[in-house]
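Q: Sending over query_30.pdb (PDB, C-alpha atoms).
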MODEL        1
ATOM      1  CA  MET A   3      19.868  27.436 -18.737  1.00  0.00           C
ATOM      2  CA  LYS A   4      21.486  26.918 -15.332  1.00  0.00           C
ATOM      3  CA  GLY A   5      19.600  29.811 -13.764  1.00  0.00           C
ATOM      4  CA  ILE A   6      16.303  28.049 -14.379  1.00  0.00           C
ATOM      5  CA  VAL A   7      17.414  24.983 -12.418  1.00  0.00           C
ATOM      6  CA  GLU A   8      18.533  27.061  -9.446  1.00  0.00           C
ATOM      7  CA  GLU A   9      15.304  29.068  -9.502  1.00  0.00           C
ATOM      8  CA  ARG A  10      13.294  25.846  -9.547  1.00  0.00           C
ATOM      9  CA  ALA A  11      15.305  24.530  -6.597  1.00  0.00           C
ATOM     10  CA  VAL A  12      14.517  27.663  -4.583  1.00  0.00           C
ATOM     11  CA  GLU A  13      10.823  27.564  -5.570  1.00  0.00           C
ATOM     12  CA  LEU A  14      10.594  23.892  -4.606  1.00  0.00           C
ATOM     13  CA  GLY A  15      12.291  24.596  -1.292  1.00  0.00           C
ATOM     14  CA  GLU A  16       9.952  27.459  -0.475  1.00  0.00           C
ATOM     15  CA  TYR A  17       6.905  25.383  -1.435  1.00  0.00           C
ATOM     16  CA  ILE A  18       8.017  22.451   0.721  1.00  0.00           C
ATOM     17  CA  ILE A  19       8.536  24.720   3.725  1.00  0.00           C
ATOM     18  CA  GLU A  20       5.270  26.659   3.314  1.00  0.00           C
ATOM     19  CA  SER A  21       3.055  23.624   2.819  1.00  0.00           C
ATOM     20  CA  LYS A  22       5.107  21.000   4.699  1.00  0.00           C
ATOM     21  CA  ALA A  23       4.858  19.038   1.450  1.00  0.00           C
ATOM     22  CA  THR A  24       6.350  15.659   0.738  1.00  0.00           C
ATOM     23  CA  VAL A  25       8.668  15.111  -2.210  1.00  0.00           C
ATOM     24  CA  ARG A  26       5.802  13.426  -4.079  1.00  0.00           C
ATOM     25  CA  LYS A  27       3.419  16.285  -3.473  1.00  0.00           C
ATOM     26  CA  ALA A  28       6.009  18.845  -4.611  1.00  0.00           C
ATOM     27  CA  ALA A  29       6.807  16.796  -7.716  1.00  0.00           C
ATOM     28  CA  LYS A  30       3.142  16.637  -8.661  1.00  0.00           C
ATOM     29  CA  LYS A  31       2.642  20.378  -8.063  1.00  0.00           C
ATOM     30  CA  PHE A  32       5.645  21.391 -10.200  1.00  0.00           C
ATOM     31  CA  GLY A  33       5.225  18.717 -12.869  1.00  0.00           C
ATOM     32  CA  VAL A  34       8.637  17.121 -12.362  1.00  0.00           C
ATOM     33  CA  SER A  35       9.794  13.720 -11.145  1.00  0.00           C
ATOM     34  CA  LYS A  36      10.464  12.826  -7.511  1.00  0.00           C
ATOM     35  CA  SER A  37      14.118  12.357  -8.451  1.00  0.00           C
ATOM     36  CA  THR A  38      14.296  15.904  -9.786  1.00  0.00           C
ATOM     37  CA  VAL A  39      12.730  17.344  -6.632  1.00  0.00           C
ATOM     38  CA  HIS A  40      15.080  15.348  -4.439  1.00  0.00           C
ATOM     39  CA  LYS A  41      18.156  16.366  -6.445  1.00  0.00           C
ATOM     40  CA  ASP A  42      17.087  20.017  -6.452  1.00  0.00           C
ATOM     41  CA  VAL A  43      16.429  20.291  -2.722  1.00  0.00           C
ATOM     42  CA  ALA A  44      19.089  17.883  -1.473  1.00  0.00           C
ATOM     43  CA  GLU A  45      22.017  18.852  -3.693  1.00  0.00           C
ATOM     44  CA  ARG A  46      21.507  22.045  -5.686  1.00  0.00           C
ATOM     45  CA  LEU A  47      19.775  24.042  -2.960  1.00  0.00           C
ATOM     46  CA  LYS A  48      22.737  23.474  -0.627  1.00  0.00           C
ATOM     47  CA  TYR A  49      24.893  25.706  -2.843  1.00  0.00           C
ATOM     48  CA  VAL A  50      22.232  28.168  -4.006  1.00  0.00           C
ATOM     49  CA  ASP A  51      20.655  28.991  -0.612  1.00  0.00           C
ATOM     50  CA  PRO A  52      22.222  27.158   2.374  1.00  0.00           C
ATOM     51  CA  GLN A  53      19.737  28.550   4.931  1.00  0.00           C
ATOM     52  CA  LEU A  54      16.723  27.464   2.877  1.00  0.00           C
ATOM     53  CA  TYR A  55      18.395  24.072   2.400  1.00  0.00           C
ATOM     54  CA  LYS A  56      18.593  23.575   6.178  1.00  0.00           C
ATOM     55  CA  GLU A  57      14.923  24.442   6.627  1.00  0.00           C
ATOM     56  CA  VAL A  58      13.840  22.116   3.806  1.00  0.00           C
ATOM     57  CA  LYS A  59      15.994  19.344   5.229  1.00  0.00           C
ATOM     58  CA  LEU A  60      14.150  19.579   8.562  1.00  0.00           C
ATOM     59  CA  VAL A  61      10.743  19.329   6.876  1.00  0.00           C
ATOM     60  CA  LEU A  62      11.845  16.350   4.785  1.00  0.00           C
ATOM     61  CA  GLU A  63      13.256  14.591   7.851  1.00  0.00           C
ATOM     62  CA  VAL A  64       9.881  14.946   9.600  1.00  0.00           C
ATOM     63  CA  ASN A  65       8.126  13.612   6.483  1.00  0.00           C
ATOM     64  CA  LYS A  66      10.520  10.686   6.332  1.00  0.00           C
ATOM     65  CA  ALA A  67       9.912   9.860   9.993  1.00  0.00           C
ATOM     66  CA  GLN A  68       6.142   9.899   9.418  1.00  0.00           C
ATOM     67  CA  ARG A  69       6.077   8.044   6.123  1.00  0.00           C
ATOM     68  CA  HIS A  70       5.437   4.620   7.636  1.00  0.00           C
ATOM     69  CA  ILE A  71       2.380   6.020   9.416  1.00  0.00           C
ATOM     70  CA  ARG A  72       0.987   7.609   6.230  1.00  0.00           C
ATOM     71  CA  GLY A  73       1.606   4.371   4.347  1.00  0.00           C
ATOM     72  CA  GLY A  74      -0.333   2.393   6.939  1.00  0.00           C
ATOM     73  CA  LEU A  75      -3.219   4.853   6.843  1.00  0.00           C
ATOM     74  CA  ALA A  76      -3.327   4.703   3.047  1.00  0.00           C
ATOM     75  CA  THR A  77      -3.462   0.914   3.118  1.00  0.00           C
ATOM     76  CA  ARG A  78      -6.227   0.986   5.717  1.00  0.00           C
ATOM     77  CA  GLN A  79      -8.223   3.428   3.605  1.00  0.00           C
ATOM     78  CA  LYS A  80      -7.733   1.278   0.526  1.00  0.00           C
ATOM     79  CA  TYR A  81      -9.199  -1.800   2.175  1.00  0.00           C
ATOM     80  CA  ARG A  82     -12.069   0.178   3.713  1.00  0.00           C
ATOM     81  CA  GLU A  83     -13.022   1.420   0.253  1.00  0.00           C
ATOM     82  CA  GLN A  84     -12.829  -2.097  -1.159  1.00  0.00           C
ATOM     83  CA  ASN A  85     -15.104  -3.391   1.592  1.00  0.00           C
ATOM     84  CA  GLN A  86     -17.588  -0.558   0.977  1.00  0.00           C
ATOM     85  CA  ARG A  87     -17.795  -1.465  -2.713  1.00  0.00           C
ATOM     86  CA  LYS A  88     -18.462  -5.123  -1.880  1.00  0.00           C
ATOM     87  CA  LYS A  89     -21.420  -4.247   0.364  1.00  0.00           C
TER      88      LYS A  89
ENDMDL
END
Once more with this new file: its structure as C-alpha coordinates, please.
A:
Amino acid sequence: MKGIVEERAVELGEYIIESKATVRKAAKKFGVSKSTVHKDVAERLKYVDPQLYKEVKLVLEVNKAQRHIRGGLATRQKYREQNQRKK
(Lines of atoms letter the chains of each structure in order from A and count residues from 1; the text may use other names and numbers.)
(Lines give C-alpha, C1' and ligand atoms only; values in the text may rest on other atoms or scores of the structure.)
Protein backbone atom coordinates (compact mmCIF):
# COMPACT_ATOMS: atom_id res chain seq x y z
CA MET A 1 0.00 0.00 0.00
CA LYS A 2 2.88 2.39 0.69
CA GLY A 3 4.04 2.37 -2.92
CA ILE A 4 0.76 3.91 -4.03
CA VAL A 5 1.21 6.90 -1.72
CA GLU A 6 4.74 7.55 -2.95
CA GLU A 7 3.64 7.23 -6.58
CA ARG A 8 0.83 9.70 -5.95
CA ALA A 9 3.29 12.12 -4.35
CA VAL A 10 5.53 11.97 -7.43
CA GLU A 11 2.56 12.35 -9.81
CA LEU A 12 1.27 15.34 -7.84
CA GLY A 13 4.72 16.91 -7.86
CA GLU A 14 5.12 16.47 -11.60
CA TYR A 15 1.64 17.86 -12.24
CA ILE A 16 2.28 20.92 -10.06
CA ILE A 17 5.54 21.65 -11.87
CA GLU A 18 4.16 21.11 -15.39
CA SER A 19 1.03 23.20 -14.92
CA LYS A 20 2.23 25.59 -12.19
CA ALA A 21 -0.87 24.41 -10.33
CA THR A 22 -1.98 25.48 -6.90
CA VAL A 23 -2.62 22.94 -4.16
CA ARG A 24 -6.37 23.37 -4.70
CA LYS A 25 -6.12 22.79 -8.42
CA ALA A 26 -3.99 19.67 -7.92
CA ALA A 27 -6.39 18.35 -5.27
CA LYS A 28 -9.34 18.78 -7.61
CA LYS A 29 -7.51 17.13 -10.52
CA PHE A 30 -6.48 14.07 -8.48
CA GLY A 31 -9.66 13.79 -6.42
CA VAL A 32 -7.97 14.16 -3.04
CA SER A 33 -8.11 16.78 -0.30
CA LYS A 34 -5.86 19.84 -0.11
CA SER A 35 -4.38 18.37 3.07
CA THR A 36 -3.41 15.20 1.24
CA VAL A 37 -1.75 17.14 -1.58
CA HIS A 38 0.13 19.31 0.88
CA LYS A 39 1.29 16.32 2.94
CA ASP A 40 2.35 14.43 -0.19
CA VAL A 41 4.38 17.24 -1.73
CA ALA A 42 5.67 18.86 1.45
CA GLU A 43 6.59 15.78 3.48
CA ARG A 44 6.55 12.52 1.53
CA LEU A 45 8.10 13.86 -1.66
CA LYS A 46 11.13 15.10 0.29
CA TYR A 47 12.17 11.49 0.95
CA VAL A 48 10.95 9.90 -2.29
CA ASP A 49 12.46 12.39 -4.78
CA PRO A 50 14.42 15.28 -3.17
CA GLN A 51 15.11 17.06 -6.49
CA LEU A 52 11.43 17.04 -7.48
CA TYR A 53 10.58 18.24 -3.97
CA LYS A 54 12.80 21.30 -4.41
CA GLU A 55 11.20 22.17 -7.74
CA VAL A 56 7.67 21.76 -6.36
CA LYS A 57 8.58 23.87 -3.35
CA LEU A 58 9.61 26.75 -5.64
CA VAL A 59 6.31 26.61 -7.55
CA LEU A 60 4.29 26.52 -4.32
CA GLU A 61 6.24 29.47 -2.90
CA VAL A 62 5.38 31.52 -6.00
CA ASN A 63 1.72 30.50 -5.67
CA LYS A 64 1.73 31.45 -2.01
CA ALA A 65 3.23 34.86 -2.80
CA GLN A 66 0.53 35.48 -5.42
CA ARG A 67 -2.43 34.15 -3.48
CA HIS A 68 -3.52 37.52 -2.11
CA ILE A 69 -3.66 38.88 -5.65
CA ARG A 70 -5.75 35.94 -6.93
CA GLY A 71 -8.07 36.30 -3.94
CA GLY A 72 -8.61 39.98 -4.69
CA LEU A 73 -9.31 39.25 -8.35
CA ALA A 74 -11.80 36.54 -7.42
CA THR A 75 -13.64 38.90 -5.10
CA ARG A 76 -13.72 41.59 -7.78
CA GLN A 77 -15.12 39.12 -10.29
CA LYS A 78 -17.74 37.96 -7.81
CA TYR A 79 -19.10 41.46 -7.29
CA ARG A 80 -19.00 42.24 -11.02
CA GLU A 81 -21.15 39.18 -11.68
CA GLN A 82 -23.57 40.18 -8.93
CA ASN A 83 -23.91 43.66 -10.41
CA GLN A 84 -24.50 42.21 -13.89
CA ARG A 85 -27.34 40.06 -12.58
CA LYS A 86 -28.98 43.07 -10.90
CA LYS A 87 -29.02 45.06 -14.15
Q: Neighbours of range 53-70 of chain A within 6 Å (only C-alpha atoms; same-chain residues fewer than 4 positions away dropped), as a VMD selection string?
A: chain A and resid 15 19 47 to 48
Q: Set the distance at 12 Å and use all atoms listed in the file: which residues neighbour Glu45 in chain A once local chain neighbours fewer than 4 positions away are removed? I'd like the list as a PyMOL selection string.
A: chain A and resi 7-8+11-12+15+37-41+49-52+55-56+58-59
Q: Apply the PyMOL selection byres ((chain A and resi 25) around 7) to the file shown and report the selected residues as a short mmCIF file (atom, residue, chain, number, x, y, z; two decimals) with C-alpha atoms, keeping the file's coordinate frame.
A:
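File written: out.cif
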data_model
loop_
_atom_site.label_atom_id
_atom_site.label_comp_id
_atom_site.auth_asym_id
_atom_site.auth_seq_id
_atom_site.Cartn_x
_atom_site.Cartn_y
_atom_site.Cartn_z
CA ALA A 23 4.86 19.04 1.45
CA THR A 24 6.35 15.66 0.74
CA ARG A 26 5.80 13.43 -4.08
CA LYS A 27 3.42 16.28 -3.47
CA ALA A 28 6.01 18.84 -4.61
CA ALA A 29 6.81 16.80 -7.72
CA LYS A 36 10.46 12.83 -7.51
CA VAL A 39 12.73 17.34 -6.63
CA HIS A 40 15.08 15.35 -4.44
#
Q: Taking every listed atom of range 58-70 of chain A and adding 3 Å to each side, what centre and edge lengths in Å (one decimal) does the axis-aligned box have, as AutoDock Vina command-line options?
A:
--center_x 10.7 --center_y 13.4 --center_z 6.9 --size_x 16.6 --size_y 23.5 --size_z 12.2
Q: Could you please determine the separation between CA of Ile18 in chain A and CA of Ile6 in chain A in Å, to one decimal place?
A: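 That distance, rounded to one decimal, is 18.1 Å.
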Q: What does the structure give for the distance between CA of Arg72 in chain A and CA of Lys30 in chain A, in Å to one decimal?
A: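 One can read the CA of Arg72 in chain A to CA of Lys30 in chain A distance as 17.5 Å.
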Q: When you count only C-alpha atoms, which of these residues is closest to Phe32 in chain A: A:Leu14, A:Glu20, A:Arg87, A:Gly74?
A: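 Of A:Leu14, A:Glu20, A:Arg87, A:Gly74, the one nearest Phe32 in chain A is A:Leu14, counting only C-alpha atoms.
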Q: Could you work out how far CA of Gly33 in chain A lies from CA of Leu75 in chain A, giving the answer in Å with one decimal?
A: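 A separation of 25.5 Å between them.
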